[in-house]
Structures are given as structure tokens and as C-alpha cells.
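Visitor: Pasting a structure below so you can have a look.
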Amino acid sequence: MRLVAVLCLLIMISCSEKQEVIPKDVLPPQQMEAVFWDYLQADAYGALLQFDTVKEDTVLNLQMQEVIFKHHKTSKEQFYRSYKYYIGRPKLMEVIIDSMLAEQGRKTKEKAKFDLKISE
């Protein structure tokens, strides 16, 4: 539920932006899309789990982030710098989010087709 709310909020924020060159220390849109999707998935997964303490929740979240950043060959610092950059440019962030949602829609359709073939 938090994932949907975050995505809707980010899509609703919009203003006109000039076409600009992405700085070298910022993840390119396609890589940001992949890292951000995994980041949101991990956050949603963590929200589903029930912990006895906030500390346990925080530790798991940090561990999942570490795995995600390592998998995508980036750092926590570069991800957050990139996130800040894209949040400050709503049109660019909107493109990233739209692309994420479209990709997940395609994956869902492919999985549904695969599941249908198995059940036949």
C-alpha cells in the first residue's frame, strides 16, 4: 500500500523541465529505475513483516538495501544522491516511474500467460 502511495505522489508532482544532461555522479535513468524498483520492493516486504522492535525493522531494511546496492553495482550514497536529483526534477522522475510500472505490467502479463500454460 505504501508503494502505491509513494508512486502516486511522485507521479502527481510535475513541472516543466528543460532537457538536461545527467551528471556523472547520478545514476542514469535506466539504472535508477532498476535500483529504485528493488528498493521499493524491499521496503514493501519489510512493511509486511511484523517485528518486536523498530531496531529489528531498521536492521533488516539496511541489510536489504546493502544487498540491492551491491547487486546493482552502486552505493547507498550514489543512490540517495541520484534519488535527490530525480525528485528535484519531477518530469524525469515521472519517466522513471512510468517505465518501472510498464515493465512490471509486462512481467505480470508474461507470468499470467506462463501460469495459464502450466494449468492446461
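In the C-alpha cells, each chain is lettered A, B, ... as it comes, each chain's residues begin at 1, and ligands are numbered from 1 in order of appearance.
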With a distance cut-off of 8 Å and only C-alpha atoms, select the neighbouring residues of Pro29 of chain A, excluding the residue or stretch itself and same-chain residues fewer than 2 positions from it, and output the selection as a VMD selection string.
Guide: chain A and resid 27 31 to 33 92 96
Visitor: Mind checking which residues fall within 8 Å of Met64 of chain A, counting only C-alpha atoms, ignoring those fewer than 4 positions away in the same chain, and posting them as a ChimeraX atom specification?
Guide: /A:42,60,68
Visitor: State, in Å with one decimal place, the distance from atom CA of Ser75 of chain A to atom CA of Asp57 of chain A.
Guide: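 Atom-to-atom, atom CA of Ser75 of chain A and atom CA of Asp57 of chain A are spaced 20.8 Å apart.
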Visitor: Suppose you want the space between atom CA of Asp43 of chain A and atom CA of Pro90 of chain A; what is it in Å?
Guide: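 About the pair atom CA of Asp43 of chain A and atom CA of Pro90 of chain A: they are 21.6 Å apart.
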Visitor: Given the choices A:Ile22, A:Leu62, A:Ile97, A:Ala112, which gets closest to Phe36 of chain A if the distance is worked out from only C-alpha atoms?
Guide: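 Looking only at the distances to Phe36 of chain A, the closest residue turns out to be A:Ile97.
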